[in-house]
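Have a look at the structure below, then the notes.
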Amino acid sequence: MTRVEAKQVARRLRRQVMLSSAASGLLLLLLAVCCLAALWPSLGVQRTQSLWSGAMLAGVLWMALTVLSTRQVKAANQAANHLSAGRLDLAEQELTTALGTFSLHRIGKLMVCHNLAVVVHGQKNYHAAAELCDAIIAIHGSVSKSLGRVCRMLLADCRLFLGDTLAAIKALQPLLNRDAKLTLTEQMMLLPIELRCLVAQKEFSRAVEELPWKIQRAELLDTYRAALVHALLAKAMRELGRVEAAEYLQRRSCLLHDTADLSKDYPGLLD
């Protein structure tokens, strides 16, 4: 997916979310008005029957559109199967098709777009992934919701790979407060991204703050990201002149993963 295609998907997503919200609101309003009006005692039998028929029509339309929305869920599940098989191209195709399907449930639509951003990020198309993340955050970027928090982390990761550290920090800013009430999984996701921001900004003292807490979280990560965290902490310690601690953290990083791979994936950051 190119950046231009991602912008087109983002525009289509905004239109579809507005349309689904409008459709949901109109159907619920029609159902409520018809049901309440049908209970009015002064209406004749014919008008009452017409109102109940209107309420039934609204209910049937709601059910029909809900069934139509399940196609999006099926496509998303099929994309997950492709992802587990390592077929990012097929996953992208399924998710793009799912985004083109009408759905009453805006959260489901946004989740599909987020999954597409994850796939595109995995293909190293960081510009395109950032465009998708920006669209999701603009619609549903509240840090009180898990989708908004995770999407901000993905956006920050894209910005870091694109060399825009300030934009990455801006995306993460609402999450950096320890009162943000992140789950343990979200804390683990945030840690390597936050450390990359701090090291890139040469804020080494901040990078090694709460060191035991950071090492505990790092030990819960997969070996690749755990090695990255230890390597980043080692670089910060080295820059602060704490050579012994830096050597210890560097050895831990080497035990967890081949540091040559880390240096290749993050050129300049770990030098």
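So you can find residues: chains in the structure tokens are A, B, ... in the order shown, residues in each start at 1, and ligands are numbered from 1 in order.
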
Give me the residues near range 26-30 of chain A as an MDAnalysis selection string, where near means some atom within 7 Å (using only C-alpha atoms) and where sequence neighbours in that chain fewer than 6 positions away do not count.
chainID A and resid 55 58 62

Writing out the chosen residues with N, CA and C atoms as a PDB file, in the first residue's frame:
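The resulting file, selection-v5.pdb, is reproduced below:
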```pdb
ATOM      1  N   ALA A  55     -42.142   1.000  13.371  1.00  0.00           N
ATOM      2  CA  ALA A  55     -41.194   0.499  14.364  1.00  0.00           C
ATOM      3  C   ALA A  55     -40.633  -0.857  13.936  1.00  0.00           C
ATOM      4  N   ALA A  58     -38.086  -0.362  11.177  1.00  0.00           N
ATOM      5  CA  ALA A  58     -36.799   0.097  11.713  1.00  0.00           C
ATOM      6  C   ALA A  58     -36.032  -1.069  12.334  1.00  0.00           C
ATOM      7  N   TRP A  62     -32.484  -2.600  11.057  1.00  0.00           N
ATOM      8  CA  TRP A  62     -31.345  -2.704  11.983  1.00  0.00           C
ATOM      9  C   TRP A  62     -30.743  -4.112  11.946  1.00  0.00           C
TER      10      TRP A  62
END
```

According to DSSP computed on the backbone, where in range 63-245 of chain A is there alpha helix (DSSP H)? Give the residues as a PyMOL selection string.
chain A and resi 63-84+88-99+106-122+126-140+146-161+165-172+184-200+204-207+211-218+223-239+243-245

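Comparing the minimum interatomic distances between Val208 in chain A and each of A:Ala130, A:Met237, A:Ala226, A:Val67, counting only C-alpha atoms, we find that A:Met237 sits nearest.
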
Applying 12 Å and only C-alpha atoms, which residues near Glu203 in chain A remain after dropping the ones on its own chain fewer than 5 positions away? List them as number ranges by chain.
A: 194-198, 208-209, 232-233, 235-237, 239-240

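Nearest residue to Ser205 in chain A, choosing from A:Arg242, A:Lys181, A:Val9, A:Ile193 and counting only C-alpha atoms: A:Arg242.
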
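We find CA of Ala76 in chain A and CA of Leu95 in chain A to be spaced 6.0 Å apart.
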
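The spacing separating CA of Ser53 in chain A from CA of Arg106 in chain A amounts to 27.8 Å.
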
Show me, as a PyMOL selection string, the residues that have an atom within 10 Å of range 159-165 of chain A when counting only C-alpha atoms, minus same-chain residues fewer than 5 positions from it.
chain A and resi 124-127+129-130+153-154+170-171+193+196-198+200-201+265-266

Keeping only N, CA, C and O atoms, write those residues as a PDB file, in the first residue's frame.
```
ATOM      1  N   LYS A 124       6.851  -2.449   6.368  1.00  0.00           N
ATOM      2  CA  LYS A 124       7.781  -1.305   6.420  1.00  0.00           C
ATOM      3  C   LYS A 124       7.320  -0.123   5.583  1.00  0.00           C
ATOM      4  O   LYS A 124       8.136   0.708   5.157  1.00  0.00           O
ATOM      5  N   ASN A 125       6.008  -0.035   5.326  1.00  0.00           N
ATOM      6  CA  ASN A 125       5.438   1.134   4.651  1.00  0.00           C
ATOM      7  C   ASN A 125       4.989   2.124   5.736  1.00  0.00           C
ATOM      8  O   ASN A 125       3.797   2.289   6.018  1.00  0.00           O
ATOM      9  N   TYR A 126       5.970   2.780   6.344  1.00  0.00           N
ATOM     10  CA  TYR A 126       5.686   3.577   7.535  1.00  0.00           C
ATOM     11  C   TYR A 126       4.864   4.825   7.227  1.00  0.00           C
ATOM     12  O   TYR A 126       4.049   5.245   8.053  1.00  0.00           O
ATOM     13  N   HIS A 127       5.050   5.419   6.061  1.00  0.00           N
ATOM     14  CA  HIS A 127       4.241   6.585   5.696  1.00  0.00           C
ATOM     15  C   HIS A 127       2.764   6.202   5.612  1.00  0.00           C
ATOM     16  O   HIS A 127       1.894   6.911   6.128  1.00  0.00           O
ATOM     17  N   ALA A 129       1.259   3.532   6.960  1.00  0.00           N
ATOM     18  CA  ALA A 129       0.753   3.145   8.281  1.00  0.00           C
ATOM     19  C   ALA A 129       0.461   4.372   9.136  1.00  0.00           C
ATOM     20  O   ALA A 129      -0.544   4.418   9.866  1.00  0.00           O
ATOM     21  N   ALA A 130       1.314   5.389   9.049  1.00  0.00           N
ATOM     22  CA  ALA A 130       1.096   6.619   9.818  1.00  0.00           C
ATOM     23  C   ALA A 130      -0.173   7.331   9.370  1.00  0.00           C
ATOM     24  O   ALA A 130      -0.916   7.879  10.200  1.00  0.00           O
ATOM     25  N   MET A 153       0.728   4.426  19.994  1.00  0.00           N
ATOM     26  CA  MET A 153       2.042   3.767  20.045  1.00  0.00           C
ATOM     27  C   MET A 153       2.500   3.357  18.647  1.00  0.00           C
ATOM     28  O   MET A 153       3.667   3.532  18.286  1.00  0.00           O
ATOM     29  N   LEU A 154       1.576   2.824  17.861  1.00  0.00           N
ATOM     30  CA  LEU A 154       1.932   2.417  16.503  1.00  0.00           C
ATOM     31  C   LEU A 154       2.325   3.635  15.669  1.00  0.00           C
ATOM     32  O   LEU A 154       3.297   3.592  14.900  1.00  0.00           O
ATOM     33  N   LYS A 170       5.043  13.661  20.359  1.00  0.00           N
ATOM     34  CA  LYS A 170       3.717  14.277  20.403  1.00  0.00           C
ATOM     35  C   LYS A 170       2.616  13.216  20.433  1.00  0.00           C
ATOM     36  O   LYS A 170       1.626  13.347  21.157  1.00  0.00           O
ATOM     37  N   ALA A 171       2.798  12.166  19.650  1.00  0.00           N
ATOM     38  CA  ALA A 171       1.801  11.087  19.625  1.00  0.00           C
ATOM     39  C   ALA A 171       1.738  10.360  20.960  1.00  0.00           C
ATOM     40  O   ALA A 171       0.659   9.957  21.423  1.00  0.00           O
ATOM     41  N   ILE A 193       9.341   1.903  22.706  1.00  0.00           N
ATOM     42  CA  ILE A 193       9.089   3.087  21.883  1.00  0.00           C
ATOM     43  C   ILE A 193       9.467   4.349  22.644  1.00  0.00           C
ATOM     44  O   ILE A 193      10.103   5.265  22.106  1.00  0.00           O
ATOM     45  N   ARG A 196      13.259   4.658  22.810  1.00  0.00           N
ATOM     46  CA  ARG A 196      13.815   5.113  21.535  1.00  0.00           C
ATOM     47  C   ARG A 196      13.672   6.624  21.379  1.00  0.00           C
ATOM     48  O   ARG A 196      14.582   7.296  20.877  1.00  0.00           O
ATOM     49  N   CYS A 197      12.528   7.166  21.819  1.00  0.00           N
ATOM     50  CA  CYS A 197      12.333   8.624  21.766  1.00  0.00           C
ATOM     51  C   CYS A 197      13.357   9.332  22.651  1.00  0.00           C
ATOM     52  O   CYS A 197      13.984  10.313  22.228  1.00  0.00           O
ATOM     53  N   LEU A 198      13.530   8.847  23.874  1.00  0.00           N
ATOM     54  CA  LEU A 198      14.426   9.504  24.817  1.00  0.00           C
ATOM     55  C   LEU A 198      15.876   9.435  24.359  1.00  0.00           C
ATOM     56  O   LEU A 198      16.618  10.422  24.449  1.00  0.00           O
ATOM     57  N   ALA A 200      16.942   9.010  21.251  1.00  0.00           N
ATOM     58  CA  ALA A 200      17.084   9.834  20.053  1.00  0.00           C
ATOM     59  C   ALA A 200      17.179  11.314  20.399  1.00  0.00           C
ATOM     60  O   ALA A 200      17.864  12.074  19.714  1.00  0.00           O
ATOM     61  N   GLN A 201      16.507  11.723  21.489  1.00  0.00           N
ATOM     62  CA  GLN A 201      16.546  13.110  21.940  1.00  0.00           C
ATOM     63  C   GLN A 201      17.712  13.388  22.891  1.00  0.00           C
ATOM     64  O   GLN A 201      17.839  14.492  23.410  1.00  0.00           O
ATOM     65  N   ASP A 265      18.481  -2.905  12.168  1.00  0.00           N
ATOM     66  CA  ASP A 265      17.105  -2.398  12.182  1.00  0.00           C
ATOM     67  C   ASP A 265      17.026  -0.974  12.705  1.00  0.00           C
ATOM     68  O   ASP A 265      16.103  -0.233  12.342  1.00  0.00           O
ATOM     69  N   TYR A 266      17.961  -0.602  13.581  1.00  0.00           N
ATOM     70  CA  TYR A 266      17.946   0.735  14.189  1.00  0.00           C
ATOM     71  C   TYR A 266      19.302   1.410  13.964  1.00  0.00           C
ATOM     72  O   TYR A 266      20.052   1.637  14.920  1.00  0.00           O
TER      73      TYR A 266
END
```

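Considering only C-alpha atoms, the residue among A:Ala234, A:Leu13, A:Leu83, A:Leu256 positioned nearest to Ile107 in chain A is A:Leu13.
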
Might you pull out every residue within 12 Å of Leu228 in chain A, with only C-alpha atoms counted and same-chain residues fewer than 3 positions away left off, and present them as a compact mmCIF listing (two decimals) with N, CA, C and O atoms, in the first residue's frame?
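Output contents, as saved in around13.txt:
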```txt
# COMPACT_ATOMS: atom_id res chain seq x y z
N LEU A 191 7.17 0.72 26.38
CA LEU A 191 8.53 0.86 26.90
C LEU A 191 9.59 1.03 25.81
O LEU A 191 10.36 2.01 25.84
N PRO A 192 9.73 0.11 24.84
CA PRO A 192 10.79 0.29 23.84
C PRO A 192 10.59 1.54 22.97
O PRO A 192 11.57 2.18 22.58
N ILE A 193 9.34 1.90 22.71
CA ILE A 193 9.09 3.09 21.88
C ILE A 193 9.47 4.35 22.64
O ILE A 193 10.10 5.26 22.11
N GLU A 194 9.09 4.41 23.92
CA GLU A 194 9.44 5.57 24.74
C GLU A 194 10.96 5.71 24.88
O GLU A 194 11.51 6.82 24.77
N LEU A 195 11.65 4.59 25.10
CA LEU A 195 13.11 4.65 25.24
C LEU A 195 13.77 5.09 23.94
O LEU A 195 14.76 5.84 23.96
N ARG A 196 13.26 4.66 22.81
CA ARG A 196 13.82 5.11 21.53
C ARG A 196 13.67 6.62 21.38
O ARG A 196 14.58 7.30 20.88
N VAL A 199 16.30 8.28 23.87
CA VAL A 199 17.68 8.14 23.41
C VAL A 199 17.91 8.99 22.16
O VAL A 199 18.97 9.63 22.02
N ILE A 215 13.47 -2.59 33.69
CA ILE A 215 14.07 -3.92 33.45
C ILE A 215 13.05 -5.02 33.72
O ILE A 215 12.98 -6.01 32.98
N ALA A 218 10.88 -5.15 30.75
CA ALA A 218 11.63 -5.67 29.60
C ALA A 218 11.72 -7.18 29.65
O ALA A 218 11.68 -7.85 28.60
N GLU A 219 11.86 -7.75 30.84
CA GLU A 219 11.97 -9.20 30.97
C GLU A 219 10.70 -9.93 30.53
O GLU A 219 10.73 -11.13 30.26
N LEU A 221 9.00 -9.01 27.82
CA LEU A 221 8.86 -8.87 26.38
C LEU A 221 9.43 -10.07 25.64
O LEU A 221 10.14 -10.90 26.22
N ASP A 222 9.13 -10.16 24.35
CA ASP A 222 9.79 -11.16 23.52
C ASP A 222 11.28 -10.83 23.45
O ASP A 222 11.70 -9.70 23.74
N THR A 223 12.09 -11.80 23.08
CA THR A 223 13.54 -11.64 23.17
C THR A 223 14.06 -10.48 22.33
O THR A 223 15.00 -9.78 22.74
N TYR A 224 13.46 -10.24 21.17
CA TYR A 224 13.93 -9.17 20.30
C TYR A 224 13.73 -7.81 20.96
O TYR A 224 14.67 -7.00 21.05
N ARG A 225 12.50 -7.54 21.43
CA ARG A 225 12.24 -6.24 22.04
C ARG A 225 12.92 -6.11 23.40
O ARG A 225 13.33 -5.02 23.80
N ALA A 231 19.64 -2.79 25.20
CA ALA A 231 20.65 -2.08 24.42
C ALA A 231 20.47 -0.57 24.53
O ALA A 231 21.45 0.18 24.62
N LEU A 232 19.23 -0.12 24.54
CA LEU A 232 18.96 1.31 24.69
C LEU A 232 19.38 1.81 26.07
O LEU A 232 19.98 2.89 26.20
N LEU A 233 19.07 1.02 27.10
CA LEU A 233 19.49 1.39 28.45
C LEU A 233 21.01 1.38 28.57
O LEU A 233 21.59 2.24 29.25
N ALA A 234 21.65 0.41 27.91
CA ALA A 234 23.11 0.35 27.93
C ALA A 234 23.72 1.59 27.28
O ALA A 234 24.69 2.16 27.79
N LYS A 235 23.15 2.02 26.17
CA LYS A 235 23.65 3.24 25.50
C LYS A 235 23.48 4.45 26.41
O LYS A 235 24.40 5.29 26.52
N LEU A 249 24.27 -4.32 31.05
CA LEU A 249 23.06 -4.26 30.22
C LEU A 249 23.35 -4.70 28.79
O LEU A 249 22.52 -5.36 28.16
N GLN A 250 24.53 -4.37 28.29
CA GLN A 250 24.90 -4.77 26.94
C GLN A 250 25.05 -6.29 26.85
O GLN A 250 24.65 -6.92 25.86
N ARG A 251 25.66 -6.88 27.88
CA ARG A 251 25.78 -8.35 27.89
C ARG A 251 24.42 -9.01 27.92
O ARG A 251 24.18 -10.01 27.23
N ARG A 252 23.49 -8.45 28.71
CA ARG A 252 22.13 -9.00 28.75
C ARG A 252 21.47 -8.90 27.38
O ARG A 252 20.80 -9.82 26.94
N SER A 253 21.71 -7.79 26.68
CA SER A 253 21.13 -7.62 25.35
C SER A 253 21.69 -8.67 24.39
O SER A 253 20.94 -9.26 23.60
N CYS A 254 23.00 -8.92 24.46
CA CYS A 254 23.63 -9.91 23.58
C CYS A 254 23.11 -11.32 23.84
O CYS A 254 22.99 -12.14 22.92
N LEU A 255 22.81 -11.62 25.10
CA LEU A 255 22.28 -12.94 25.43
C LEU A 255 20.87 -13.14 24.89
O LEU A 255 20.48 -14.26 24.55
N LEU A 256 20.12 -12.05 24.82
CA LEU A 256 18.72 -12.16 24.41
C LEU A 256 18.56 -12.23 22.90
O LEU A 256 17.69 -12.94 22.38
N HIS A 257 19.41 -11.49 22.16
CA HIS A 257 19.25 -11.46 20.71
C HIS A 257 20.56 -10.99 20.07
O HIS A 257 21.37 -10.32 20.72
N ASP A 258 20.72 -11.32 18.81
CA ASP A 258 21.90 -10.91 18.07
C ASP A 258 21.88 -9.39 17.90
O ASP A 258 20.99 -8.83 17.25
N THR A 259 22.85 -8.71 18.49
CA THR A 259 22.86 -7.25 18.45
C THR A 259 23.13 -6.73 17.04
O THR A 259 22.85 -5.56 16.74
N ALA A 260 23.68 -7.56 16.17
CA ALA A 260 23.89 -7.14 14.78
C ALA A 260 22.55 -6.86 14.10
O ALA A 260 22.43 -5.91 13.31
N ASP A 261 21.55 -7.68 14.42
CA ASP A 261 20.22 -7.45 13.86
C ASP A 261 19.64 -6.13 14.38
O ASP A 261 19.00 -5.39 13.63
N LEU A 262 19.85 -5.86 15.67
CA LEU A 262 19.34 -4.61 16.24
C LEU A 262 20.00 -3.41 15.58
O LEU A 262 19.32 -2.42 15.25
N SER A 263 21.29 -3.47 15.41
CA SER A 263 22.00 -2.36 14.79
C SER A 263 21.55 -2.15 13.34
O SER A 263 21.49 -1.01 12.86
N LYS A 264 21.23 -3.24 12.67
CA LYS A 264 20.75 -3.14 11.30
C LYS A 264 19.35 -2.51 11.24
O LYS A 264 19.07 -1.68 10.37
N ASP A 265 18.48 -2.91 12.17
CA ASP A 265 17.11 -2.40 12.18
C ASP A 265 17.03 -0.97 12.71
O ASP A 265 16.10 -0.23 12.34
N TYR A 266 17.96 -0.60 13.58
CA TYR A 266 17.95 0.74 14.19
C TYR A 266 19.30 1.41 13.96
O TYR A 266 20.05 1.64 14.92
N LEU A 269 21.02 4.48 16.14
CA LEU A 269 20.41 4.61 17.45
C LEU A 269 21.22 3.91 18.53
O LEU A 269 21.33 4.40 19.65
N LEU A 270 21.81 2.77 18.20
CA LEU A 270 22.51 1.97 19.20
C LEU A 270 24.03 2.07 19.07
O LEU A 270 24.75 1.34 19.74
```

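Residue nearest Met56 in chain A within the list A:Cys113, A:Val243, A:Leu132, A:Cys34: A:Cys34 [criterion: smallest interatomic distance, only C-alpha atoms].
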
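Between CA of Gly108 in chain A and CA of Met18 in chain A the separation is 13.7 Å.
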
Long-range neighbours of Arg149 in chain A as a ChimeraX atom specification, 12 Å cut-off, only C-alpha atoms, 2 positions minimum in chain:
/A:114,133,136-137,140-147,151-156,171-176,180-183,185-187,189-190

Write the selection just made, keeping N, CA and C atoms, as an mmCIF file, in the first residue's frame?
```
data_model
loop_
_atom_site.group_PDB
_atom_site.id
_atom_site.type_symbol
_atom_site.label_atom_id
_atom_site.label_comp_id
_atom_site.auth_asym_id
_atom_site.auth_seq_id
_atom_site.Cartn_x
_atom_site.Cartn_y
_atom_site.Cartn_z
ATOM 1 N N HIS A 114 -7.163 -0.341 12.040
ATOM 2 C CA HIS A 114 -5.961 -0.472 12.878
ATOM 3 C C HIS A 114 -5.182 -1.728 12.504
ATOM 4 N N CYS A 133 -3.067 5.501 10.950
ATOM 5 C CA CYS A 133 -3.126 5.770 12.385
ATOM 6 C C CYS A 133 -3.663 7.168 12.663
ATOM 7 N N ILE A 136 -7.425 7.125 12.368
ATOM 8 C CA ILE A 136 -8.088 6.479 13.512
ATOM 9 C C ILE A 136 -8.078 7.395 14.722
ATOM 10 N N ILE A 137 -6.941 8.023 15.005
ATOM 11 C CA ILE A 137 -6.826 8.901 16.180
ATOM 12 C C ILE A 137 -7.745 10.104 16.038
ATOM 13 N N HIS A 140 -11.200 8.473 16.789
ATOM 14 C CA HIS A 140 -11.394 7.772 18.066
ATOM 15 C C HIS A 140 -10.051 7.694 18.792
ATOM 16 N N GLY A 141 -9.470 8.863 19.069
ATOM 17 C CA GLY A 141 -8.131 8.874 19.640
ATOM 18 C C GLY A 141 -8.071 9.082 21.137
ATOM 19 N N SER A 142 -9.184 8.908 21.832
ATOM 20 C CA SER A 142 -9.186 9.124 23.280
ATOM 21 C C SER A 142 -8.256 8.134 23.980
ATOM 22 N N VAL A 143 -7.426 8.653 24.899
ATOM 23 C CA VAL A 143 -6.505 7.776 25.616
ATOM 24 C C VAL A 143 -7.228 6.954 26.671
ATOM 25 N N SER A 144 -8.516 7.229 26.877
ATOM 26 C CA SER A 144 -9.289 6.410 27.812
ATOM 27 C C SER A 144 -9.720 5.095 27.174
ATOM 28 N N LYS A 145 -9.523 4.963 25.879
ATOM 29 C CA LYS A 145 -9.888 3.750 25.153
ATOM 30 C C LYS A 145 -8.632 3.022 24.697
ATOM 31 N N SER A 146 -8.652 1.702 24.790
ATOM 32 C CA SER A 146 -7.476 0.906 24.439
ATOM 33 C C SER A 146 -7.066 1.112 22.992
ATOM 34 N N LEU A 147 -8.037 1.200 22.077
ATOM 35 C CA LEU A 147 -7.714 1.374 20.663
ATOM 36 C C LEU A 147 -6.937 2.666 20.435
ATOM 37 N N CYS A 151 -3.045 2.665 19.143
ATOM 38 C CA CYS A 151 -2.833 3.319 17.861
ATOM 39 C C CYS A 151 -1.810 4.446 17.980
ATOM 40 N N ARG A 152 -1.807 5.144 19.096
ATOM 41 C CA ARG A 152 -0.794 6.188 19.312
ATOM 42 C C ARG A 152 0.605 5.584 19.379
ATOM 43 N N MET A 153 0.728 4.426 19.994
ATOM 44 C CA MET A 153 2.042 3.767 20.045
ATOM 45 C C MET A 153 2.500 3.357 18.647
ATOM 46 N N LEU A 154 1.576 2.824 17.861
ATOM 47 C CA LEU A 154 1.932 2.417 16.503
ATOM 48 C C LEU A 154 2.325 3.635 15.669
ATOM 49 N N LEU A 155 1.597 4.728 15.836
ATOM 50 C CA LEU A 155 1.919 5.955 15.108
ATOM 51 C C LEU A 155 3.300 6.473 15.510
ATOM 52 N N ALA A 156 3.591 6.468 16.810
ATOM 53 C CA ALA A 156 4.904 6.925 17.283
ATOM 54 C C ALA A 156 6.020 6.056 16.704
ATOM 55 N N ALA A 171 2.798 12.166 19.650
ATOM 56 C CA ALA A 171 1.801 11.087 19.625
ATOM 57 C C ALA A 171 1.738 10.360 20.960
ATOM 58 N N LEU A 172 2.912 10.207 21.615
ATOM 59 C CA LEU A 172 2.968 9.462 22.881
ATOM 60 C C LEU A 172 2.626 10.307 24.098
ATOM 61 N N GLN A 173 2.663 11.625 23.966
ATOM 62 C CA GLN A 173 2.570 12.505 25.126
ATOM 63 C C GLN A 173 1.423 12.165 26.084
ATOM 64 N N PRO A 174 0.199 11.903 25.579
ATOM 65 C CA PRO A 174 -0.893 11.581 26.514
ATOM 66 C C PRO A 174 -0.681 10.283 27.294
ATOM 67 N N LEU A 175 0.254 9.432 26.834
ATOM 68 C CA LEU A 175 0.469 8.129 27.470
ATOM 69 C C LEU A 175 1.635 8.137 28.451
ATOM 70 N N LEU A 176 2.454 9.179 28.432
ATOM 71 C CA LEU A 176 3.675 9.172 29.224
ATOM 72 C C LEU A 176 3.436 9.471 30.697
ATOM 73 N N ALA A 180 -1.871 7.436 33.428
ATOM 74 C CA ALA A 180 -2.658 7.122 32.235
ATOM 75 C C ALA A 180 -3.381 5.781 32.360
ATOM 76 N N LYS A 181 -3.072 5.017 33.405
ATOM 77 C CA LYS A 181 -3.744 3.747 33.677
ATOM 78 C C LYS A 181 -3.615 2.768 32.515
ATOM 79 N N LEU A 182 -2.390 2.582 32.073
ATOM 80 C CA LEU A 182 -2.138 1.606 31.019
ATOM 81 C C LEU A 182 -2.163 0.201 31.598
ATOM 82 N N THR A 183 -2.618 -0.729 30.806
ATOM 83 C CA THR A 183 -2.553 -2.122 31.217
ATOM 84 C C THR A 183 -1.101 -2.593 31.146
ATOM 85 N N THR A 185 0.108 -5.031 29.419
ATOM 86 C CA THR A 185 0.453 -5.250 28.015
ATOM 87 C C THR A 185 0.796 -3.931 27.332
ATOM 88 N N GLU A 186 0.034 -2.894 27.625
ATOM 89 C CA GLU A 186 0.288 -1.585 27.022
ATOM 90 C C GLU A 186 1.583 -0.982 27.548
ATOM 91 N N GLN A 187 1.880 -1.184 28.825
ATOM 92 C CA GLN A 187 3.157 -0.715 29.379
ATOM 93 C C GLN A 187 4.329 -1.381 28.670
ATOM 94 N N MET A 189 4.294 -2.590 25.602
ATOM 95 C CA MET A 189 4.363 -2.068 24.245
ATOM 96 C C MET A 189 5.005 -0.685 24.213
ATOM 97 N N LEU A 190 4.691 0.110 25.213
ATOM 98 C CA LEU A 190 5.161 1.499 25.241
ATOM 99 C C LEU A 190 6.650 1.612 25.541
#
```
